[in-house]
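The structure appears right after this line, and notes come after that.
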Amino acid sequence: MAARSVLGGLYHLGGARSSSVADPVGSLHLGVSSVPESRVRAVGPSSIDENGEYVVYWMMAARRATWNFGLQRAIEHATRLRKPLIVLEAVRCGYQWASARHHTFILQGMADQARDFASSPVRYIPYVEPQPGAGKGLVEHLAARACMVVTDDYPAFFLPRAVAAAAARMSVRVEAVDGNGVFPMRATTRVFTTAHSFRAFLQKQLPPHLVQAPTPDPLRRLRLPELSYDPIAGTRWGVHDTSLAIEEVVRKLPIDAEVGAVEARGGARAGERVMERLLDDRLARYAEDRNDPEHEAASGLSPYLHFGAVSAHQVVRRVLDAEAWSPARIGRETRGARRGWWGLSEAAEGFLDQIITWRELGFNMCAQCPDTYDRLESLPSWAQRTLEDHAHDLRPYEYDLEALEGAATHDEIWNAAQRQLRREGRIHNYLRMLWGKKILEWAPSPAHALDHLIQLNNRWALDGRDPNSYSGIFWTLGRYDRAWGPERAIFGKIRYMSSDSTRRKLKLRTYLQRYGTPPGAPSQPNLL
């Protein structure tokens, strides 16, 4: 049997075995939900109002019309209740690090959603906040006449607070649905401290969840009553016109214009093209060339996963199909090893380890430690101790945030990485690790280093503000790592990386030519 049909059958069976939310209030008691109950979380005690006029899906993190558990759940409720469905996709302008770069990427995706929903009975409402606070009350306005609200369960940045605050002001049930990764982030309460321990856990617990994927196209042949009126007509909120030139829309917004749009285009259609490029070209080279700046083999999917334009389920499914995989190939005695469990090629196993183990490790931390995942106290105790022991060591160089942001250091490789971040919203995989380590070395203290890392990454990186992005930041400070020797100044027992060793390890000539010092740039760094 071909891998596609094997997986298709497994996914179908997985959906049939799934059930509704854990508490019975407002559950899909007239039928079995295809969304696993481990992915559905009731926010607040309110119940479904079956006399409401419609169901609302508040699209926040899964900004796509395909492979979307949240949308799927909302459709199921609307179908059971025989009500119209409204999809609200909104973007604020008052959040920290709001910029032309991030807004452009999101608005490009909104144009995709508008096209996808146009041929369906779903009422799609894209909203772009024109001034900070202007969008306040929009979700509650829609909820006032709704049966219930479904939204995305995303564990980082301001999204959890926004959902909790809005739900507290609603009189109907709010369900948050986890569509972030292949393993439901709330299916365990354990906090994993290493990739090895999480990988070993997944090798025991993941198989049942592999068969529980979202419906690839939940809008296909969808039959729902259509809403006969505009639910925000006459209000202070207006529907964003997705046919307008995005550059003109973004230019009028009170957001960070210095962080401009990048060449990479946002949205589900662009994400699909990046995924196809991975499958057609880069996946076969992934194990060998992923850390080689001269032969780019990184997937490029990180920003699309972050903004929800692409589903991790969809990517994993495509990789497994490309390898003609079946569950019979799963290894039984790998005990957390990076290779051998899937029974795939080295390249495919390496990629799946990144998109499942390493990516979802970050979601585990954010979901289980919502108040500390972005603080030094979230580091393992050994890392906290060694950083504290060396907090006052003499720094050979010290740079403030302005110098770092402007790539004005003495280090040619670091400056090139920072320029790539500014221009493209990303840094090459290996150099991103060095970039973070050098910030620790050059900051006055670990606390300053963490602040610089978060500010630079969240302002300039397309995938900043993401659980996986925080994993990368904190890895440079010891999270998910072990103590290393010999003990060094500044780093203590934290893993050390140097630009000299990086230069010896990697071929950097083309990279440095591309992101080297621009003409007219100052030759002397700004030292504190």
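Ordering of the structure tokens sets the chain letters (A, B, ...), residue numbers begin anew at 1 in every chain, and ligands are numbered from 1 in the order given.
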
Report as a ChimeraX atom specification all protein, DNA and RNA residues lying within 9 Å of Pro467 in chain A, evaluated on only C-alpha atoms, omitting residues in the same chain fewer than 3 positions from it. /A:155-157,306,359-366,373,464,470-472

Please extract the residues of range 184-340 of chain A with a backbone DSSP assignment of alpha helix (DSSP H) and present them as a PyMOL selection string. chain A and resi 195-205+207-210+246-251+268-277+286-289+302-306+312-322

Within 8 Å of Asp481 in chain A using only C-alpha atoms, minus same-chain residues under 3 positions, as a ChimeraX atom specification: /A:194,475,478,495

Keeping only N, CA and C atoms, take the residues you just selected and write them out as an mmCIF file, in the first residue's frame.
```
data_model
loop_
_atom_site.group_PDB
_atom_site.id
_atom_site.type_symbol
_atom_site.label_atom_id
_atom_site.label_comp_id
_atom_site.auth_asym_id
_atom_site.auth_seq_id
_atom_site.Cartn_x
_atom_site.Cartn_y
_atom_site.Cartn_z
ATOM 1 N N THR A 194 15.757 18.899 28.296
ATOM 2 C CA THR A 194 16.697 18.609 27.218
ATOM 3 C C THR A 194 15.933 18.077 26.019
ATOM 4 N N TRP A 475 18.936 28.965 24.480
ATOM 5 C CA TRP A 475 19.973 27.956 24.282
ATOM 6 C C TRP A 475 21.360 28.581 24.408
ATOM 7 N N GLY A 478 22.243 28.459 27.974
ATOM 8 C CA GLY A 478 22.321 27.185 28.680
ATOM 9 C C GLY A 478 21.075 26.334 28.711
ATOM 10 N N ARG A 495 28.225 26.655 27.166
ATOM 11 C CA ARG A 495 28.905 26.281 25.923
ATOM 12 C C ARG A 495 29.473 27.522 25.227
#
```

What separation in Å, quoted to one decimal, exists between CA of Arg123 in chain A and CA of Val87 in chain A?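 Computed distance, CA of Arg123 in chain A to CA of Val87 in chain A, equals 6.2 Å.
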
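You will find CA of Gln108 in chain A at 5.5 Å from CA of Gly267 in chain A.
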